[in-house]
file model.cif (mmCIF, C-alpha atoms and all ligand atoms)
data_protein
#
loop_
_atom_site.label_atom_id
_atom_site.label_comp_id
_atom_site.auth_asym_id
_atom_site.auth_seq_id
_atom_site.Cartn_x
_atom_site.Cartn_y
_atom_site.Cartn_z
CA MET A 1 -17.52 -66.76 81.20
CA ILE A 2 -16.60 -63.21 82.24
CA PRO A 3 -18.93 -61.87 84.95
CA LEU A 4 -20.11 -58.26 85.26
CA VAL A 5 -18.39 -58.18 88.64
CA ASP A 6 -16.13 -60.89 90.08
CA LEU A 7 -16.54 -60.96 93.85
CA LYS A 8 -14.53 -64.17 94.15
CA ALA A 9 -11.34 -62.50 92.94
CA GLN A 10 -11.84 -59.82 95.57
CA HIS A 11 -12.57 -62.26 98.38
CA ARG A 12 -9.37 -64.21 97.77
CA GLN A 13 -7.32 -61.13 98.68
CA ILE A 14 -8.95 -60.62 102.07
CA ALA A 15 -9.96 -64.21 102.95
CA ASP A 16 -7.45 -64.65 105.81
CA GLU A 17 -8.16 -61.30 107.39
CA VAL A 18 -11.91 -61.88 107.20
CA ALA A 19 -11.58 -65.37 108.70
CA ARG A 20 -9.57 -64.00 111.66
CA GLY A 21 -12.04 -61.13 112.18
CA PHE A 22 -15.06 -63.45 111.99
CA ALA A 23 -13.46 -65.81 114.52
CA GLU A 24 -13.02 -62.90 116.93
CA VAL A 25 -16.64 -61.78 116.55
CA LEU A 26 -17.85 -65.36 117.09
CA GLU A 27 -15.64 -65.61 120.17
CA ASN A 28 -17.08 -62.37 121.60
CA THR A 29 -20.68 -63.11 120.48
CA SER A 30 -21.35 -59.39 120.11
CA PHE A 31 -23.05 -59.33 116.72
CA ILE A 32 -24.73 -55.96 116.27
CA LEU A 33 -22.85 -52.61 116.36
CA GLY A 34 -20.04 -52.81 118.96
CA SER A 35 -16.33 -52.19 118.49
CA PRO A 36 -15.82 -53.70 114.98
CA VAL A 37 -18.58 -51.39 113.71
CA GLU A 38 -17.16 -48.37 115.57
CA ARG A 39 -13.70 -49.04 114.14
CA PHE A 40 -15.09 -49.22 110.62
CA GLU A 41 -17.27 -46.12 111.10
CA GLN A 42 -14.26 -44.09 112.23
CA ALA A 43 -12.05 -45.31 109.39
CA PHE A 44 -14.68 -44.69 106.71
CA ALA A 45 -15.55 -41.21 108.05
CA LYS A 46 -11.86 -40.29 108.03
CA ALA A 47 -11.29 -41.66 104.52
CA SER A 48 -14.34 -39.71 103.29
CA GLY A 49 -13.24 -36.45 104.92
CA VAL A 50 -16.15 -36.10 107.35
CA ARG A 51 -16.44 -36.33 111.13
CA TYR A 52 -19.16 -38.96 111.44
CA CYS A 53 -20.20 -42.23 109.86
CA VAL A 54 -23.29 -44.00 111.17
CA GLY A 55 -23.62 -47.63 110.03
CA VAL A 56 -27.12 -48.81 109.12
CA ALA A 57 -28.76 -51.92 107.66
CA ASN A 58 -28.64 -51.00 103.94
CA GLY A 59 -28.34 -48.10 101.51
CA THR A 60 -32.08 -47.51 101.16
CA ASP A 61 -32.38 -47.11 104.94
CA ALA A 62 -29.35 -44.79 104.85
CA ILE A 63 -31.15 -42.40 102.46
CA GLU A 64 -34.42 -42.59 104.42
CA LEU A 65 -32.77 -42.01 107.80
CA ALA A 66 -30.60 -39.19 106.42
CA LEU A 67 -33.75 -37.45 105.15
CA ARG A 68 -35.53 -37.98 108.47
CA ALA A 69 -32.52 -36.78 110.47
CA ALA A 70 -32.48 -33.66 108.29
CA GLY A 71 -36.14 -33.02 109.08
CA VAL A 72 -37.47 -33.91 105.63
CA GLY A 73 -40.81 -35.72 105.63
CA SER A 74 -44.54 -35.37 105.20
CA GLY A 75 -45.60 -32.46 102.99
CA ASN A 76 -42.12 -32.02 101.50
CA GLU A 77 -40.98 -32.60 97.93
CA VAL A 78 -37.51 -33.97 97.21
CA LEU A 79 -35.75 -33.66 93.85
CA VAL A 80 -34.48 -37.02 92.57
CA PRO A 81 -32.85 -37.83 89.20
CA VAL A 82 -34.92 -40.31 87.14
CA ASN A 83 -31.75 -42.02 85.99
CA SER A 84 -30.86 -43.86 89.18
CA PHE A 85 -31.58 -47.08 90.99
CA ILE A 86 -35.17 -47.02 92.27
CA ALA A 87 -34.04 -47.06 95.91
CA THR A 88 -33.26 -43.33 95.76
CA ALA A 89 -36.94 -42.56 95.16
CA LEU A 90 -38.26 -45.36 97.43
CA ALA A 91 -36.36 -43.87 100.36
CA VAL A 92 -38.02 -40.49 99.80
CA VAL A 93 -41.45 -42.12 99.95
CA ARG A 94 -40.50 -44.05 103.07
CA ALA A 95 -39.45 -40.81 104.75
CA GLY A 96 -43.00 -39.59 104.09
CA ALA A 97 -42.06 -37.08 101.36
CA THR A 98 -42.81 -36.96 97.62
CA PRO A 99 -40.14 -37.50 94.98
CA VAL A 100 -40.09 -34.93 92.17
CA PHE A 101 -38.14 -36.25 89.23
CA VAL A 102 -35.39 -34.52 87.28
CA ASP A 103 -33.97 -35.49 83.87
CA SER A 104 -30.30 -36.35 83.33
CA ASP A 105 -27.77 -34.72 81.04
CA PRO A 106 -26.97 -36.53 77.78
CA ASP A 107 -23.20 -36.85 78.26
CA TYR A 108 -22.61 -37.93 81.86
CA HIS A 109 -26.13 -39.18 82.76
CA LEU A 110 -26.06 -37.12 85.96
CA ILE A 111 -28.82 -34.89 87.35
CA ASP A 112 -29.52 -31.93 85.02
CA LEU A 113 -30.31 -28.97 87.26
CA ALA A 114 -31.37 -26.82 84.32
CA ARG A 115 -34.44 -29.09 84.17
CA ALA A 116 -35.22 -29.21 87.89
CA LYS A 117 -38.60 -27.79 88.91
CA THR A 118 -39.14 -26.54 92.45
CA THR A 119 -42.29 -25.50 94.28
CA ARG A 120 -42.92 -23.96 97.71
CA ARG A 121 -42.87 -27.48 99.12
CA THR A 122 -39.48 -28.52 97.74
CA LYS A 123 -37.22 -29.09 100.72
CA ALA A 124 -34.31 -31.23 99.60
CA ILE A 125 -32.35 -32.52 96.62
CA ILE A 126 -30.63 -35.89 96.28
CA PRO A 127 -27.80 -35.75 93.72
CA VAL A 128 -26.80 -39.32 92.80
CA HIS A 129 -23.10 -39.92 92.12
CA LEU A 130 -23.95 -42.33 89.34
CA PHE A 131 -21.73 -45.15 88.04
CA GLY A 132 -18.83 -43.94 90.20
CA GLN A 133 -18.53 -40.23 89.46
CA LEU A 134 -19.82 -37.26 91.38
CA ALA A 135 -22.75 -35.14 90.30
CA PRO A 136 -21.84 -31.51 89.45
CA MET A 137 -21.75 -30.52 93.12
CA GLU A 138 -20.91 -26.79 92.63
CA GLN A 139 -24.08 -26.45 90.57
CA VAL A 140 -26.01 -28.51 93.11
CA ALA A 141 -24.74 -26.24 95.91
CA ASP A 142 -25.72 -23.06 94.00
CA PHE A 143 -29.12 -24.48 93.15
CA ALA A 144 -29.68 -25.57 96.75
CA ARG A 145 -28.66 -22.15 98.07
CA ASN A 146 -30.95 -20.31 95.64
CA HIS A 147 -33.93 -22.51 96.48
CA GLU A 148 -33.09 -23.09 100.16
CA LEU A 149 -32.82 -26.85 99.79
CA ILE A 150 -31.07 -29.43 101.94
CA VAL A 151 -28.57 -31.57 100.02
CA ILE A 152 -28.45 -35.31 100.79
CA GLU A 153 -25.95 -37.14 98.55
CA ASP A 154 -26.66 -40.62 97.26
CA ALA A 155 -23.09 -41.94 97.33
CA ALA A 156 -23.97 -45.65 97.00
CA GLN A 157 -21.91 -45.95 93.82
CA ALA A 158 -19.11 -43.57 94.77
CA GLN A 159 -17.11 -44.70 97.82
CA LEU A 160 -13.91 -42.58 97.82
CA ALA A 161 -14.70 -40.99 94.46
CA ARG A 162 -13.53 -37.36 94.42
CA ARG A 163 -14.44 -34.07 92.83
CA ASN A 164 -11.71 -31.43 92.71
CA GLY A 165 -9.95 -33.26 95.53
CA ARG A 166 -13.00 -33.48 97.78
CA THR A 167 -14.43 -36.92 98.59
CA ALA A 168 -17.97 -38.13 97.91
CA GLY A 169 -20.06 -37.83 101.03
CA SER A 170 -18.49 -34.57 102.21
CA PHE A 171 -20.60 -32.15 100.13
CA GLY A 172 -24.14 -32.36 101.49
CA LEU A 173 -25.62 -32.01 104.96
CA ALA A 174 -25.41 -35.80 104.90
CA ALA A 175 -24.61 -38.56 102.42
CA ALA A 176 -26.02 -42.06 102.20
CA THR A 177 -24.05 -45.01 100.96
CA SER A 178 -24.69 -48.71 100.38
CA PHE A 179 -22.50 -51.71 101.08
CA TYR A 180 -24.52 -54.07 98.88
CA PRO A 181 -22.01 -56.79 97.87
CA GLY A 182 -21.58 -55.54 94.30
CA LYS A 183 -20.70 -51.94 95.22
CA ASN A 184 -17.07 -50.79 95.17
CA LEU A 185 -17.07 -51.18 98.96
CA GLY A 186 -19.34 -54.19 99.47
CA ALA A 187 -20.24 -56.26 102.52
CA TYR A 188 -21.10 -59.98 102.58
CA GLY A 189 -24.77 -59.20 102.93
CA ASP A 190 -26.68 -55.94 103.27
CA GLY A 191 -25.18 -52.86 104.86
CA GLY A 192 -25.15 -49.09 104.53
CA ALA A 193 -24.04 -45.89 106.23
CA VAL A 194 -24.71 -42.20 106.51
CA LEU A 195 -21.80 -39.74 106.46
CA THR A 196 -22.12 -36.27 107.95
CA ASP A 197 -20.14 -33.43 109.49
CA SER A 198 -23.06 -32.33 111.64
CA ASP A 199 -23.08 -33.23 115.35
CA ALA A 200 -26.86 -32.88 115.47
CA VAL A 201 -27.52 -35.06 112.41
CA ALA A 202 -25.12 -37.77 113.60
CA LYS A 203 -26.72 -37.84 117.06
CA LYS A 204 -30.19 -38.04 115.54
CA LEU A 205 -29.12 -40.87 113.18
CA ARG A 206 -27.66 -42.93 116.03
CA ALA A 207 -31.02 -42.72 117.80
CA LEU A 208 -33.11 -43.35 114.68
CA ARG A 209 -31.22 -46.52 113.74
CA ASN A 210 -31.65 -47.90 117.25
CA TYR A 211 -35.44 -47.74 117.98
CA GLY A 212 -35.28 -43.99 118.59
CA SER A 213 -33.27 -44.57 121.73
CA GLU A 214 -30.08 -43.07 123.16
CA VAL A 215 -30.52 -44.62 126.59
CA LYS A 216 -31.59 -48.26 126.58
CA TYR A 217 -35.36 -48.72 127.01
CA HIS A 218 -36.00 -44.98 126.81
CA HIS A 219 -37.64 -43.93 123.54
CA PRO A 220 -38.42 -40.22 123.29
CA GLU A 221 -39.15 -40.55 119.56
CA LEU A 222 -40.19 -43.14 116.97
CA GLY A 223 -37.22 -44.99 115.61
CA PHE A 224 -36.23 -47.99 113.52
CA ASN A 225 -34.17 -51.13 113.72
CA SER A 226 -31.50 -50.41 111.12
CA ARG A 227 -28.00 -51.28 112.26
CA LEU A 228 -24.77 -52.60 110.83
CA ASP A 229 -23.59 -56.06 111.93
CA ALA A 230 -20.16 -56.70 113.43
CA LEU A 231 -19.47 -59.44 110.85
CA GLN A 232 -20.15 -57.00 108.01
CA ALA A 233 -17.90 -54.40 109.64
CA VAL A 234 -15.04 -56.94 109.63
CA VAL A 235 -15.41 -57.37 105.86
CA LEU A 236 -15.80 -53.65 105.26
CA SER A 237 -12.68 -52.74 107.28
CA ALA A 238 -10.61 -55.28 105.35
CA LYS A 239 -11.89 -53.93 102.03
CA LEU A 240 -11.62 -50.26 102.99
CA ALA A 241 -7.88 -50.70 103.55
CA ARG A 242 -7.59 -51.74 99.88
CA LEU A 243 -10.24 -49.55 98.32
CA GLU A 244 -7.97 -46.78 96.98
CA GLU A 245 -5.85 -49.43 95.26
CA TRP A 246 -8.91 -51.23 93.85
CA ASN A 247 -10.46 -47.98 92.62
CA ALA A 248 -7.15 -47.10 90.91
CA LYS A 249 -7.16 -50.50 89.19
CA ARG A 250 -10.69 -49.86 87.96
CA ARG A 251 -9.48 -46.52 86.55
CA GLU A 252 -6.72 -48.36 84.68
CA ALA A 253 -9.23 -50.89 83.34
CA ALA A 254 -11.53 -48.07 82.21
CA ARG A 255 -8.63 -46.40 80.40
CA ARG A 256 -7.88 -49.69 78.63
CA TYR A 257 -11.52 -50.07 77.56
CA ASP A 258 -11.43 -46.47 76.26
CA GLU A 259 -8.42 -47.34 74.09
CA MET A 260 -9.74 -50.69 72.90
CA LEU A 261 -13.13 -49.23 71.96
CA ALA A 262 -11.88 -46.00 70.40
CA GLY A 263 -12.07 -47.35 66.84
CA LEU A 264 -15.72 -48.41 67.01
CA PRO A 265 -17.90 -45.66 65.55
CA GLU A 266 -21.16 -47.19 66.85
CA VAL A 267 -20.01 -47.21 70.47
CA VAL A 268 -20.35 -44.05 72.56
CA LEU A 269 -17.79 -44.16 75.37
CA PRO A 270 -18.54 -43.06 78.93
CA ARG A 271 -17.32 -39.55 79.79
CA THR A 272 -15.91 -38.16 82.98
CA LEU A 273 -17.08 -34.72 84.10
CA ALA A 274 -14.09 -32.32 84.38
CA GLY A 275 -12.80 -32.27 87.96
CA ASN A 276 -13.99 -35.79 88.79
CA GLU A 277 -11.85 -38.69 89.93
CA HIS A 278 -14.07 -41.53 88.71
CA ILE A 279 -14.11 -44.86 90.57
CA TRP A 280 -15.91 -46.77 87.78
CA HIS A 281 -18.53 -48.62 89.76
CA LEU A 282 -19.86 -49.35 86.28
CA TYR A 283 -18.36 -48.85 82.83
CA VAL A 284 -21.38 -47.88 80.73
CA VAL A 285 -21.22 -47.45 76.96
CA ARG A 286 -24.07 -46.59 74.62
CA VAL A 287 -24.78 -48.77 71.60
CA PRO A 288 -27.51 -49.06 68.94
CA SER A 289 -29.85 -52.11 69.14
CA ARG A 290 -28.79 -52.46 72.76
CA ASP A 291 -31.07 -55.34 73.74
CA GLU A 292 -29.85 -57.42 70.83
CA VAL A 293 -26.19 -56.61 71.51
CA MET A 294 -26.75 -57.61 75.12
CA LYS A 295 -28.38 -60.94 74.22
CA ARG A 296 -25.62 -61.84 71.78
CA MET A 297 -22.85 -60.95 74.25
CA GLN A 298 -24.53 -62.88 77.06
CA ALA A 299 -24.86 -65.90 74.78
CA SER A 300 -21.08 -65.67 74.25
CA GLY A 301 -20.42 -65.73 77.98
CA ILE A 302 -19.95 -62.00 78.62
CA GLY A 303 -21.77 -60.77 81.71
CA VAL A 304 -23.06 -57.45 80.43
CA GLY A 305 -25.91 -55.63 82.17
CA VAL A 306 -28.18 -52.61 81.88
CA HIS A 307 -28.27 -49.85 84.50
CA TYR A 308 -31.11 -49.05 84.27
CA PRO A 309 -33.57 -50.29 81.64
CA VAL A 310 -36.56 -48.32 83.00
CA PRO A 311 -36.13 -44.75 84.34
CA ILE A 312 -37.75 -44.31 87.76
CA HIS A 313 -40.67 -42.16 86.53
CA LEU A 314 -41.84 -45.02 84.25
CA GLN A 315 -41.77 -47.68 86.98
CA GLY A 316 -45.19 -49.04 87.97
CA ALA A 317 -44.39 -48.26 91.60
CA PHE A 318 -44.56 -44.54 90.78
CA ALA A 319 -47.50 -44.62 88.36
CA HIS A 320 -49.55 -42.68 90.93
CA LEU A 321 -47.31 -39.64 90.36
CA GLY A 322 -48.76 -39.39 86.85
CA CYS A 323 -45.54 -39.21 84.80
CA LYS A 324 -45.63 -40.48 81.24
CA ARG A 325 -43.23 -41.48 78.48
CA GLY A 326 -41.69 -38.33 77.00
CA ASP A 327 -41.57 -36.44 80.31
CA PHE A 328 -37.82 -36.99 80.76
CA PRO A 329 -36.63 -37.56 77.19
CA VAL A 330 -32.87 -37.52 77.79
CA ALA A 331 -32.96 -40.26 80.43
CA GLU A 332 -35.49 -42.29 78.41
CA LYS A 333 -33.26 -42.23 75.33
CA ALA A 334 -30.17 -43.17 77.35
CA ALA A 335 -32.04 -46.03 79.05
CA ALA A 336 -32.59 -47.65 75.66
CA GLN A 337 -28.89 -47.45 74.71
CA MET A 338 -26.82 -47.96 77.85
CA LEU A 339 -24.84 -51.17 78.29
CA SER A 340 -22.60 -51.97 81.28
CA LEU A 341 -19.46 -53.94 80.44
CA PRO A 342 -17.71 -56.24 82.95
CA MET A 343 -15.81 -54.05 85.42
CA PHE A 344 -13.90 -54.99 88.57
CA ALA A 345 -10.45 -54.23 89.93
CA GLU A 346 -9.01 -57.64 88.98
CA ILE A 347 -10.23 -57.75 85.37
CA THR A 348 -7.33 -58.72 83.08
CA VAL A 349 -6.26 -57.29 79.72
CA GLU A 350 -7.16 -60.64 78.13
CA GLN A 351 -10.65 -60.57 79.64
CA GLN A 352 -11.17 -57.02 78.40
CA GLU A 353 -9.95 -57.98 74.93
CA ARG A 354 -12.52 -60.76 74.84
CA VAL A 355 -15.30 -58.41 75.96
CA VAL A 356 -14.38 -55.97 73.19
CA ALA A 357 -14.09 -58.76 70.59
CA GLU A 358 -17.56 -60.06 71.48
CA LEU A 359 -18.98 -56.53 71.39
CA LYS A 360 -17.49 -56.09 67.89
CA ASN A 361 -18.92 -59.47 66.85
CA ALA A 362 -22.39 -58.60 68.06
CA LEU A 363 -22.38 -55.21 66.34
CA GLY A 364 -21.02 -56.80 63.14
CA GLN A 365 -23.73 -59.46 63.07
CA ILE A 366 -26.46 -56.90 63.62
CA ARG A 367 -25.01 -54.61 60.90
CA ALA A 368 -24.68 -57.52 58.39
CA ARG A 369 -28.28 -58.53 58.96
CA GLY A 370 -29.30 -54.89 58.31
C1 LIG B 1 -27.41 -49.73 95.60
C2 LIG B 1 -28.02 -48.37 95.55
C3 LIG B 1 -28.93 -47.93 96.52
C4 LIG B 1 -29.56 -48.84 97.55
O1 LIG B 1 -28.72 -49.51 98.36
P1 LIG B 1 -29.21 -50.88 99.09
O2 LIG B 1 -28.07 -51.15 100.01
O3 LIG B 1 -29.36 -51.90 98.04
O4 LIG B 1 -30.47 -50.58 99.80
C5 LIG B 1 -29.37 -46.62 96.46
N1 LIG B 1 -28.96 -45.79 95.49
C6 LIG B 1 -28.10 -46.18 94.53
C7 LIG B 1 -27.68 -45.19 93.48
C8 LIG B 1 -27.62 -47.49 94.52
O5 LIG B 1 -26.79 -47.87 93.54
#

call {"tool": "encode", "arguments": {"input": "model.cif", "output": "C-alpha cells"}}
result
Amino acid sequence: MIPLVDLKAQHRQIADEVARGFAEVLENTSFILGSPVERFEQAFAKASGVRYCVGVANGTDAIELALRAAGVGSGNEVLVPVNSFIATALAVVRAGATPVFVDSDPDYHLIDLARAKTTRRTKAIIPVHLFGQLAPMEQVADFARNHELIVIEDAAQAQLARRNGRTAGSFGLAAATSFYPGKNLGAYGDGGAVLTDSDAVAKKLRALRNYGSEVKYHHPELGFNSRLDALQAVVLSAKLARLEEWNAKRREAARRYDEMLAGLPEVVLPRTLAGNEHIWHLYVVRVPSRDEVMKRMQASGIGVGVHYPVPIHLQGAFAHLGCKRGDFPVAEKAAAQMLSLPMFAEITVEQQERVVAELKNALGQIRARG
C-alpha cells in the first residue's frame, strides 16, 4: 500500500524533538498561545519574508479573519477561483461577504483573470496558490490595482513556495495559510496563520483571534476564539526547520514522475508556471476515464485522490448563488480528469515506479476493454 501522503515517515524524523517540546509544554501547563507560539510565529514570518505571522485555529479561520481585518464584509463581493478547496469560499461567506467565482486556466489550473467579472461591490480577490505553486501574482496585482481590490492570498498549499524569488504570503495585504496535518507544513491537529507586513492588520488580527480583546476582559469590538495551541507550535517549529529540505525532495520526486510518465500519451503532466518554484503539495495529472483509473489504482493499493471532484460553484452549499453546469467550463472539464498521485518528501524511487506501473496497467485495461 502506497498512501497519498505518508505522515508517519515525516513524524519519525522529528519524533524526539516533538517529545521534548511536548514535555516542556506539559511541564509549563501553558497550552494556548504563549512563547512556543510566538517563537513559531516569528520563525514562519521570517521564512516567508513578512514582518508578522498571527497563529489561528485553522486555515478557514485564517482566511475569514484576514478578510475581516482588511475591512471586507457585508455588502462586498470577493473573487474566488472555482477550482479550489471549498474553504476558500466558505471563509468569504463567514466574513459576511459574497463569493464571486472565477474560472481557472487550462494548463496550470490557477485563477484566470481574463475571466474575472467585477462589479461596484467587488472589494477583494483571493488568489489560491493551488497544489503548491503560486497564482500569477503580477497579473493579480495589476488586476487588483485597476479595479481597486484588496488581495488576500490563500497560501494553504504553498508554504515557502516562491515566485521569482519572492515567497508565498508576501504578495497580498495579507495571506492565509493552513496547518492541516496533510499540508506541506502540517500540525498534529488543526492550525492556521495569517501573514502580513501591515502593522494595522496584524494588530487587528491579534485582537480578532482573541475575543476582540487587546487588554484582558476589555472588548471594544466583536471577536472570535481562534488561536494556535502551544503543542501545535512545537510540531510546526520542528517541521519548519526542515521544510526547505522536504520541499526540495518533493521537487525531486515530481521531476522523477515527469520522467517516468513522459512516454504515456494519455497522461497530461502537471505544468509549472514560468517563474514559480513549485513545492508540490499535490502532483496532479490528467487522465481519460479518471474515475475508473482511480478505482483500479486504489484496488491495487495506490492511494490516489482527486482534488477536487466538484468545482465550488456546483457544490450544494452554494446553490443559492444560482451557478449552473457550463458556467466555468475549464474548471469543470479539469475536475473530471484530474488525478493526484502519491506525493511526499520521503517517497522512494521504487514506490514511484510502482505508482507508474499501476497507472499504466489501469490505462491498458481500460484501453483493451475499449
Ligand atoms: C486546506 C485548505 C484550506 C482550509 O484550511 P483548514 O485548515 O482545513 O481550515 C483553505 N484553502 C485551501 C486551498 C486549502 O487547501

call {"tool": "closest_residue", "arguments": {"input": "model.cif", "among": "A:Asp291, A:Asp199, A:Asp103, A:Asp154", "to": "ligand LIG 1 (chain B)", "atoms": "only C-alpha atoms and all ligand atoms"}}
result
A:Asp154

call {"tool": "residues_near_ligand", "arguments": {"input": "model.cif", "ligand": "ligand LIG 1 (chain B)", "cutoff": "8 Å", "atoms": "only C-alpha atoms and all ligand atoms", "output": "mmCIF file with C-alpha atoms, keeping the file's coordinate frame"}}
result
data_model
loop_
_atom_site.group_PDB
_atom_site.id
_atom_site.type_symbol
_atom_site.label_atom_id
_atom_site.label_comp_id
_atom_site.auth_asym_id
_atom_site.auth_seq_id
_atom_site.Cartn_x
_atom_site.Cartn_y
_atom_site.Cartn_z
ATOM 1 C CA ALA A 57 -28.760 -51.920 107.660
ATOM 2 C CA ASN A 58 -28.640 -51.000 103.940
ATOM 3 C CA GLY A 59 -28.340 -48.100 101.510
ATOM 4 C CA THR A 60 -32.080 -47.510 101.160
ATOM 5 C CA ASP A 61 -32.380 -47.110 104.940
ATOM 6 C CA ALA A 62 -29.350 -44.790 104.850
ATOM 7 C CA ILE A 63 -31.150 -42.400 102.460
ATOM 8 C CA SER A 84 -30.860 -43.860 89.180
ATOM 9 C CA PHE A 85 -31.580 -47.080 90.990
ATOM 10 C CA ILE A 86 -35.170 -47.020 92.270
ATOM 11 C CA ALA A 87 -34.040 -47.060 95.910
ATOM 12 C CA THR A 88 -33.260 -43.330 95.760
ATOM 13 C CA VAL A 128 -26.800 -39.320 92.800
ATOM 14 C CA HIS A 129 -23.100 -39.920 92.120
ATOM 15 C CA LEU A 130 -23.950 -42.330 89.340
ATOM 16 C CA PHE A 131 -21.730 -45.150 88.040
ATOM 17 C CA ASP A 154 -26.660 -40.620 97.260
ATOM 18 C CA ALA A 155 -23.090 -41.940 97.330
ATOM 19 C CA ALA A 156 -23.970 -45.650 97.000
ATOM 20 C CA GLN A 157 -21.910 -45.950 93.820
ATOM 21 C CA THR A 177 -24.050 -45.010 100.960
ATOM 22 C CA SER A 178 -24.690 -48.710 100.380
ATOM 23 C CA PHE A 179 -22.500 -51.710 101.080
ATOM 24 C CA TYR A 180 -24.520 -54.070 98.880
ATOM 25 C CA LYS A 183 -20.700 -51.940 95.220
ATOM 26 C CA ASP A 190 -26.680 -55.940 103.270
ATOM 27 C CA GLY A 191 -25.180 -52.860 104.860
ATOM 28 C CA GLY A 192 -25.150 -49.090 104.530
#

call {"tool": "closest_residue", "arguments": {"input": "model.cif", "among": "A:Leu195, A:Leu228, A:Val234, A:Val310", "to": "Phe44 (chain A)", "atoms": "all atoms listed in the file"}}
result
A:Leu195

call {"tool": "closest_residue", "arguments": {"input": "model.cif", "among": "A:Val349, A:Val355, A:Ala19, A:Leu269", "to": "Gln337 (chain A)", "atoms": "all atoms listed in the file"}}
result
A:Leu269

call {"tool": "atom_distance", "arguments": {"input": "model.cif", "atom1": "CA of Val284 (chain A)", "atom2": "CA of Glu358 (chain A)"}}
result
15.8 Å

call {"tool": "closest_residue", "arguments": {"input": "model.cif", "among": "A:Tyr211, A:Ala97, A:Gly75, A:Leu236", "to": "Phe40 (chain A)", "atoms": "all atoms listed in the file"}}
result
A:Leu236

call {"tool": "atom_distance", "arguments": {"input": "model.cif", "atom1": "CA of Thr122 (chain A)", "atom2": "CA of Gly169 (chain A)"}}
result
21.8 Å

call {"tool": "residues_around", "arguments": {"input": "model.cif", "residues": "Asn164 (chain A)", "least_positions_apart": "6", "cutoff": "10 Å", "atoms": "all atoms listed in the file", "output": "list in words"}}
result
Ala274, Gly275, Asn276 and Glu277 of chain A

call {"tool": "residues_around", "arguments": {"input": "model.cif", "residues": "region 325-331 of chain A", "least_positions_apart": "6", "cutoff": "8 Å", "atoms": "all atoms listed in the file", "output": "PyMOL selection string"}}
result
chain A and resi 82-83+102-106+109+311+314

call {"tool": "atom_distance", "arguments": {"input": "model.cif", "atom1": "CA of Ile32 (chain A)", "atom2": "CA of Glu244 (chain A)"}}
result
27.2 Å

call {"tool": "closest_residue", "arguments": {"input": "model.cif", "among": "A:Ile302, A:Gln365, A:Trp246, A:Phe31", "to": "Ala9 (chain A)", "atoms": "all atoms listed in the file"}}
result
A:Trp246

call {"tool": "residues_around", "arguments": {"input": "model.cif", "residues": "Ser48 (chain A)", "least_positions_apart": "5", "cutoff": "9 Å", "atoms": "only C-alpha atoms", "output": "PDB file with C-alpha atoms, in the coordinates of the input"}}
result
ATOM      1  CA  ALA A  43     -12.050 -45.310 109.390  1.00  0.00           C
ATOM      2  CA  GLN A 159     -17.110 -44.700  97.820  1.00  0.00           C
ATOM      3  CA  LEU A 160     -13.910 -42.580  97.820  1.00  0.00           C
ATOM      4  CA  ALA A 161     -14.700 -40.990  94.460  1.00  0.00           C
ATOM      5  CA  ARG A 166     -13.000 -33.480  97.780  1.00  0.00           C
ATOM      6  CA  THR A 167     -14.430 -36.920  98.590  1.00  0.00           C
ATOM      7  CA  ALA A 168     -17.970 -38.130  97.910  1.00  0.00           C
ATOM      8  CA  GLY A 169     -20.060 -37.830 101.030  1.00  0.00           C
ATOM      9  CA  SER A 170     -18.490 -34.570 102.210  1.00  0.00           C
ATOM     10  CA  LEU A 195     -21.800 -39.740 106.460  1.00  0.00           C
TER      11      LEU A 195
END

call {"tool": "build_atoms", "arguments": {"input": "model.cif", "residues": "region 185-193 of chain A", "atoms": "N, CA, C and O atoms", "output": "tab-separated table (two decimals), keeping the file's coordinate frame"}}
result
chain	number	residue	atom	x	y	z
A	185	LEU	N	-17.33	-50.75	97.59
A	185	LEU	CA	-17.07	-51.18	98.96
A	185	LEU	C	-18.28	-52.01	99.39
A	185	LEU	O	-19.29	-51.46	99.82
A	186	GLY	N	-18.18	-53.33	99.25
A	186	GLY	CA	-19.34	-54.19	99.47
A	186	GLY	C	-19.16	-55.11	100.66
A	186	GLY	O	-18.07	-55.64	100.89
A	187	ALA	N	-20.25	-55.33	101.39
A	187	ALA	CA	-20.24	-56.26	102.52
A	187	ALA	C	-20.56	-57.67	102.01
A	187	ALA	O	-20.68	-57.88	100.81
A	188	TYR	N	-20.68	-58.61	102.94
A	188	TYR	CA	-21.10	-59.98	102.58
A	188	TYR	C	-22.55	-60.19	103.00
A	188	TYR	O	-22.90	-61.16	103.68
A	189	GLY	N	-23.36	-59.26	102.58
A	189	GLY	CA	-24.77	-59.20	102.93
A	189	GLY	C	-25.17	-57.75	102.75
A	189	GLY	O	-24.46	-57.00	102.08
A	190	ASP	N	-26.28	-57.34	103.37
A	190	ASP	CA	-26.68	-55.94	103.27
A	190	ASP	C	-25.96	-55.09	104.29
A	190	ASP	O	-25.61	-55.55	105.38
A	191	GLY	N	-25.76	-53.83	103.94
A	191	GLY	CA	-25.18	-52.86	104.86
A	191	GLY	C	-25.26	-51.49	104.23
A	191	GLY	O	-25.47	-51.36	103.02
A	192	GLY	N	-25.13	-50.46	105.05
A	192	GLY	CA	-25.15	-49.09	104.53
A	192	GLY	C	-24.63	-48.15	105.59
A	192	GLY	O	-24.32	-48.58	106.72
A	193	ALA	N	-24.51	-46.88	105.25
A	193	ALA	CA	-24.04	-45.89	106.23
A	193	ALA	C	-24.45	-44.50	105.80
A	193	ALA	O	-24.71	-44.25	104.62
